[in-house]
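Read through the structure below, which is laid out as structure tokens, and then see the notes.
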Amino acid sequence: MSFLRRRSATPAGPDFDVLAMDPGDWPGNLGAGLLPAPDGSCQGVFLRYDLFGGRGTAMIIGNLPEGSPARDVAEGEVPFEVAQLLLALENDEEVTVVGTEDTPVLQGDNLLIVRRLKLSESRISCVQFDRSDGVLVTIAAWDRPITDDLYALLKPLPAELFQQG
């Protein structure tokens with residue numbers, strides 16, 4: 001699949017394909033953030049999708065490569081993307097992971113093992129899966145379940161979207 005390949009060097013953006021929903025396919029506002037390392041390399045990309053017309057973020061999709069410090073969370077701690085979702089919603093409630101469940105999901109001809117995280121805040125849905133290139137994809141959504149049809153909408157975004165200029 002095309003989203004599983006590594007790109008050659010692109011110093012102004014991530015060195016991996018970012019798996020998300022195309023901004024043109026999304027009816028709301030989109031914000032993107034890069035997690036830079038001190039050496040200038042990209043330690044991850046997250047995209048904030050706002051369906052609520054400026055009243056708060058509905059979904060965050062994160063792509064964190066191997067070695068990204070944002071992947072290191074303690075037992076029971078929420079993933080980086082959930083913390084970003086709570087920040088975007090200005091929700092300072094303490095949220096923890098209370099359980100996980102692995103679920104097989106078919107995406108086209110490929111099988112994904114999706115980890116569903118159960119959180120202490122029931123209005124947050126969160127799933128994670130690993131890509132074959134070592135990138136961890138996390139989807140966190142507010143007040144809407146993450147259903148299997150969402151995976152069909154995921155595709156690599158063009159590198160130009162992340163170029164500085």
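Identifiers in this document derive from the order of the structure tokens: chains are assigned A, B, ..., residues are numbered from 1 separately in each chain, and ligands are numbered from 1 in order of occurrence.
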Worksheet item: Hey, what does DSSP flag as strand (DSSP E) within region 22-135 of chain A? Can you give it to me as an MDAnalysis selection string?
Response: chainID A and resid 29:36 42:50 59:64 97:107 110:119 124:130
Selected residues written out with C-alpha atoms, as a PDB file, in the first residue's frame:
```
ATOM      1  CA  ASN A  29     -11.411  23.251   9.656  1.00  0.00           C
ATOM      2  CA  LEU A  30      -8.030  21.526   9.677  1.00  0.00           C
ATOM      3  CA  GLY A  31      -4.924  22.334  11.695  1.00  0.00           C
ATOM      4  CA  ALA A  32      -1.604  20.516  11.471  1.00  0.00           C
ATOM      5  CA  GLY A  33       1.340  20.394  13.839  1.00  0.00           C
ATOM      6  CA  LEU A  34       4.862  19.015  13.564  1.00  0.00           C
ATOM      7  CA  LEU A  35       6.853  17.725  16.534  1.00  0.00           C
ATOM      8  CA  PRO A  36      10.447  18.836  15.865  1.00  0.00           C
ATOM      9  CA  CYS A  42      10.415  15.442  12.480  1.00  0.00           C
ATOM     10  CA  GLN A  43       9.364  13.380  15.506  1.00  0.00           C
ATOM     11  CA  GLY A  44       5.718  13.234  14.516  1.00  0.00           C
ATOM     12  CA  VAL A  45       2.786  14.936  12.851  1.00  0.00           C
ATOM     13  CA  PHE A  46      -0.677  15.459  14.213  1.00  0.00           C
ATOM     14  CA  LEU A  47      -3.744  16.835  12.449  1.00  0.00           C
ATOM     15  CA  ARG A  48      -6.686  18.468  14.219  1.00  0.00           C
ATOM     16  CA  TYR A  49     -10.029  18.210  12.457  1.00  0.00           C
ATOM     17  CA  ASP A  50     -12.745  20.618  13.608  1.00  0.00           C
ATOM     18  CA  MET A  59     -10.747  14.536  15.969  1.00  0.00           C
ATOM     19  CA  ILE A  60      -6.962  14.327  16.107  1.00  0.00           C
ATOM     20  CA  ILE A  61      -4.920  11.907  14.002  1.00  0.00           C
ATOM     21  CA  GLY A  62      -1.287  11.485  15.017  1.00  0.00           C
ATOM     22  CA  ASN A  63       1.588   9.830  13.177  1.00  0.00           C
ATOM     23  CA  LEU A  64       4.593   9.153  15.433  1.00  0.00           C
ATOM     24  CA  VAL A  97      -6.555   4.567  30.111  1.00  0.00           C
ATOM     25  CA  VAL A  98      -8.641   1.918  31.867  1.00  0.00           C
ATOM     26  CA  GLY A  99      -8.291  -0.890  29.321  1.00  0.00           C
ATOM     27  CA  THR A 100      -7.415  -1.940  25.775  1.00  0.00           C
ATOM     28  CA  GLU A 101      -8.879  -4.321  23.233  1.00  0.00           C
ATOM     29  CA  ASP A 102      -7.243  -5.551  19.997  1.00  0.00           C
ATOM     30  CA  THR A 103      -9.585  -5.765  17.005  1.00  0.00           C
ATOM     31  CA  PRO A 104      -8.812  -6.966  13.463  1.00  0.00           C
ATOM     32  CA  VAL A 105      -9.978  -4.505  10.785  1.00  0.00           C
ATOM     33  CA  LEU A 106      -9.843  -5.022   7.034  1.00  0.00           C
ATOM     34  CA  GLN A 107      -8.645  -1.975   5.078  1.00  0.00           C
ATOM     35  CA  ASN A 110      -4.883  -5.411   4.215  1.00  0.00           C
ATOM     36  CA  LEU A 111      -5.525  -6.512   7.767  1.00  0.00           C
ATOM     37  CA  LEU A 112      -4.875  -3.992  10.543  1.00  0.00           C
ATOM     38  CA  ILE A 113      -4.739  -4.942  14.197  1.00  0.00           C
ATOM     39  CA  VAL A 114      -6.401  -1.945  15.813  1.00  0.00           C
ATOM     40  CA  ARG A 115      -5.948  -1.326  19.530  1.00  0.00           C
ATOM     41  CA  ARG A 116      -9.046   0.304  20.999  1.00  0.00           C
ATOM     42  CA  LEU A 117      -8.259   2.230  24.164  1.00  0.00           C
ATOM     43  CA  LYS A 118     -10.956   2.473  26.809  1.00  0.00           C
ATOM     44  CA  LEU A 119     -10.637   5.772  28.656  1.00  0.00           C
ATOM     45  CA  ILE A 124     -13.408  10.204  23.942  1.00  0.00           C
ATOM     46  CA  SER A 125     -12.875   7.372  21.446  1.00  0.00           C
ATOM     47  CA  CYS A 126      -9.277   6.361  20.775  1.00  0.00           C
ATOM     48  CA  VAL A 127      -7.693   3.749  18.510  1.00  0.00           C
ATOM     49  CA  GLN A 128      -4.091   2.989  17.542  1.00  0.00           C
ATOM     50  CA  PHE A 129      -2.383   0.829  14.952  1.00  0.00           C
ATOM     51  CA  ASP A 130       1.188   0.299  13.769  1.00  0.00           C
TER      52      ASP A 130
END
```
Worksheet item: Of the candidates A:Ala88, A:Val95, A:Tyr151, A:Arg144, which shows the shortest atom-to-atom distance to Gly76 (chain A), using only C-alpha atoms?
Response: A:Val95
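CA of Ser122 (chain A) is positioned 10.0 Å from CA of Pro145 (chain A).
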Worksheet item: Which is closest to Pro14 (chain A) among A:Ala141, A:Leu150, A:Leu87, A:Val135, if we use only C-alpha atoms?
Response: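 Closest candidate: A:Val135.
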Discussion item. What's around Lys155 (chain A) at 8 Å? Count only C-alpha atoms, leave out sequence neighbours fewer than 2 positions away in its own chain, and write the answer as a ChimeraX atom specification.
Written reply: /A:3,18-22,153,157
Restricting it to all heavy atoms, dump the selection as a PDB file, in the first residue's frame.
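Below you can see out_33.pdb, which holds the result:
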```pdb
ATOM      1  N   PHE A   3       0.661   4.077   1.495  1.00  0.00           N
ATOM      2  CA  PHE A   3       0.948   4.801   2.720  1.00  0.00           C
ATOM      3  C   PHE A   3       1.997   4.112   3.587  1.00  0.00           C
ATOM      4  O   PHE A   3       2.407   4.661   4.595  1.00  0.00           O
ATOM      5  CB  PHE A   3      -0.328   5.087   3.529  1.00  0.00           C
ATOM      6  CG  PHE A   3      -0.966   3.877   4.175  1.00  0.00           C
ATOM      7  CD1 PHE A   3      -0.527   3.410   5.394  1.00  0.00           C
ATOM      8  CD2 PHE A   3      -2.016   3.245   3.567  1.00  0.00           C
ATOM      9  CE1 PHE A   3      -1.113   2.322   5.994  1.00  0.00           C
ATOM     10  CE2 PHE A   3      -2.613   2.157   4.156  1.00  0.00           C
ATOM     11  CZ  PHE A   3      -2.167   1.686   5.353  1.00  0.00           C
ATOM     12  N   VAL A  18       2.346  10.759   5.906  1.00  0.00           N
ATOM     13  CA  VAL A  18       1.395  11.015   6.983  1.00  0.00           C
ATOM     14  C   VAL A  18       0.045  10.443   6.582  1.00  0.00           C
ATOM     15  O   VAL A  18      -0.542  10.838   5.583  1.00  0.00           O
ATOM     16  CB  VAL A  18       1.283  12.528   7.260  1.00  0.00           C
ATOM     17  CG1 VAL A  18       0.222  12.801   8.316  1.00  0.00           C
ATOM     18  CG2 VAL A  18       2.634  13.057   7.709  1.00  0.00           C
ATOM     19  N   LEU A  19      -0.424   9.501   7.363  1.00  0.00           N
ATOM     20  CA  LEU A  19      -1.696   8.844   7.086  1.00  0.00           C
ATOM     21  C   LEU A  19      -2.804   9.609   7.793  1.00  0.00           C
ATOM     22  O   LEU A  19      -2.801   9.736   9.010  1.00  0.00           O
ATOM     23  CB  LEU A  19      -1.638   7.396   7.575  1.00  0.00           C
ATOM     24  CG  LEU A  19      -2.835   6.524   7.278  1.00  0.00           C
ATOM     25  CD1 LEU A  19      -3.066   6.413   5.784  1.00  0.00           C
ATOM     26  CD2 LEU A  19      -2.630   5.154   7.874  1.00  0.00           C
ATOM     27  N   ALA A  20      -3.722  10.158   7.020  1.00  0.00           N
ATOM     28  CA  ALA A  20      -4.821  10.947   7.586  1.00  0.00           C
ATOM     29  C   ALA A  20      -5.930  11.049   6.548  1.00  0.00           C
ATOM     30  O   ALA A  20      -5.884  10.403   5.512  1.00  0.00           O
ATOM     31  CB  ALA A  20      -4.327  12.334   7.989  1.00  0.00           C
ATOM     32  N   MET A  21      -6.920  11.876   6.828  1.00  0.00           N
ATOM     33  CA  MET A  21      -7.973  12.150   5.857  1.00  0.00           C
ATOM     34  C   MET A  21      -7.588  13.396   5.086  1.00  0.00           C
ATOM     35  O   MET A  21      -7.109  14.363   5.664  1.00  0.00           O
ATOM     36  CB  MET A  21      -9.307  12.350   6.558  1.00  0.00           C
ATOM     37  CG  MET A  21      -9.843  11.069   7.146  1.00  0.00           C
ATOM     38  SD  MET A  21     -11.411  11.267   7.965  1.00  0.00           S
ATOM     39  CE  MET A  21     -10.956  12.255   9.363  1.00  0.00           C
ATOM     40  N   ASP A  22      -7.771  13.368   3.786  1.00  0.00           N
ATOM     41  CA  ASP A  22      -7.442  14.514   2.946  1.00  0.00           C
ATOM     42  C   ASP A  22      -8.244  15.727   3.406  1.00  0.00           C
ATOM     43  O   ASP A  22      -9.453  15.637   3.595  1.00  0.00           O
ATOM     44  CB  ASP A  22      -7.774  14.189   1.491  1.00  0.00           C
ATOM     45  CG  ASP A  22      -7.247  15.232   0.544  1.00  0.00           C
ATOM     46  OD1 ASP A  22      -7.657  16.410   0.683  1.00  0.00           O
ATOM     47  OD2 ASP A  22      -6.450  14.890  -0.327  1.00  0.00           O
ATOM     48  N   LEU A 153     -11.167   5.923   4.780  1.00  0.00           N
ATOM     49  CA  LEU A 153     -10.920   7.323   4.420  1.00  0.00           C
ATOM     50  C   LEU A 153      -9.464   7.727   4.604  1.00  0.00           C
ATOM     51  O   LEU A 153      -9.049   8.780   4.136  1.00  0.00           O
ATOM     52  CB  LEU A 153     -11.792   8.244   5.275  1.00  0.00           C
ATOM     53  CG  LEU A 153     -13.302   8.066   5.157  1.00  0.00           C
ATOM     54  CD1 LEU A 153     -14.014   8.942   6.170  1.00  0.00           C
ATOM     55  CD2 LEU A 153     -13.764   8.362   3.744  1.00  0.00           C
ATOM     56  N   LEU A 157      -1.075  11.907   2.964  1.00  0.00           N
ATOM     57  CA  LEU A 157      -1.223  13.297   2.534  1.00  0.00           C
ATOM     58  C   LEU A 157       0.012  13.704   1.742  1.00  0.00           C
ATOM     59  O   LEU A 157       1.111  13.218   2.011  1.00  0.00           O
ATOM     60  CB  LEU A 157      -1.394  14.208   3.744  1.00  0.00           C
ATOM     61  CG  LEU A 157      -2.646  13.963   4.577  1.00  0.00           C
ATOM     62  CD1 LEU A 157      -2.700  14.965   5.728  1.00  0.00           C
ATOM     63  CD2 LEU A 157      -3.901  14.046   3.752  1.00  0.00           C
TER      64      LEU A 157
END
```
Discussion item. For Glu66 (chain A), find every residue with an atom within 9 Å (counting only C-alpha atoms), except residues of its own chain fewer than 3 positions away, and show them as a ChimeraX atom specification.
Written reply: /A:43,69,71,133-136
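CA of Asp149 (chain A) to CA of Pro79 (chain A) spans 22.4 Å [interatomic distance, one decimal].
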Worksheet item: Which distance in Å separates CA of Glu94 (chain A) and CA of Ser120 (chain A), to one decimal?
Response: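 Interatomic distance here is 8.5 Å.
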Item to complete: Pull the alpha helix (DSSP H) assignments for chain A out of DSSP run on the backbone, and list those residues as a PyMOL selection string.
Response: chain A and resi 80-88+149-153
Worksheet item: Looking at only C-alpha atoms, which of A:Ala152, A:Thr96, A:Glu90, A:Glu81 is the one that sits closest to Asp109 (chain A)?
Response: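 Nearest to Asp109 (chain A): A:Ala152.
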